[in-house]
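What follows is one structure encoded as structure tokens, with my remarks underneath.
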Amino acid sequence: MISKPRGHCAVELQALPPRIGHVRRILSAHLRYWRLDALIDAAALGVTELLSNVHRHARPDKNCTVEIVLLPDRLTVSVQDSDPRPPHVRSAGPSAACGRGLSLIASVSQSWGVREREGERGKAVWFSLSAPVTAGPGAPPSAAPPVAAEERPGGTAPASVPSSGAAAGTPRGAHTPVAPREPAATGARPG
């Protein structure tokens, strides 16, 4: 683990199958500590899919950083690697053994997207889950109550989060590079 301030955790690793399970356990422990047990399954599925993509597709190596950020209204999980190629949603056939990861992430998350890494080669693929305001002891202090995505114009990111050029109402699954550590207004679920 490389950092653990309040509401934040980052882990550097090689995306190898045994390490993926280890990151799932770290993620689950943090969510339990923050009293966000209801998010464990969706977050574990999402991080597993993102790390599997790094393991399967990233070049030149499998080194990556998983970052978990808890804000008052959402949990954002990102996986950063040195491969600049963005992932693509595939249309997997019924008997295909792979190709459904990003579609799964889109179905369980509030939003997801891709951003360039600031000052470094590569990308970060992220997803966000709605987090209740009643998070536990290690959570960041709550500001104003969150506004549900369906209450926001176009189902976009909250007004307090700059969209960095992403248009309000960007279709679900669209990918817009944005500033690091700021979830983009892309991939927002329709209300």
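Every chain in the structure tokens has a letter given in the order shown (A, B, ...), and although residue numbers restart at 1 in each chain, ligands are simply numbered from 1 in the order shown.
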DSSP strand (DSSP E) selection over stretch 21-97 of chain A, as a count of residues only: 16
Polymer residues at most 9 Å from stretch 38-51 of chain A, only C-alpha atoms, same-chain spacing of 6 or more positions, as a ChimeraX atom specification: /A:15-17,20-21,23-25,27-29,31-32,64,66,75-79,100-102,104-105,108-109,125-131
A:Glu67, A:Asp81, A:Asp73, A:Glu120 ranked by distance to A:His8, top pick (using only C-alpha atoms): A:Glu67
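The space separating atom CA of A:Arg59 from atom CA of A:Leu13 comes to 14.7 Å.
Restricting the calculation to only C-alpha atoms, the smallest distance between A:Val114 and any of A:His88, A:Arg74, A:Arg35, A:Lys62 is found for A:His88.
Of the listed residues A:Ser107, A:Pro60, A:Pro87, A:Ser82, the one whose atoms come nearest to A:Gly119 is A:Ser82, with distances taken using only C-alpha atoms.
Restricting the calculation to only C-alpha atoms, the smallest distance between A:Asn63 and any of A:Gly122, A:Gly7, A:Pro86, A:Gly113 is found for A:Gly122.
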Separation of atom CA of A:Pro18 from atom CA of A:Gln80, in Å and rounded to one decimal: 18.4 Å
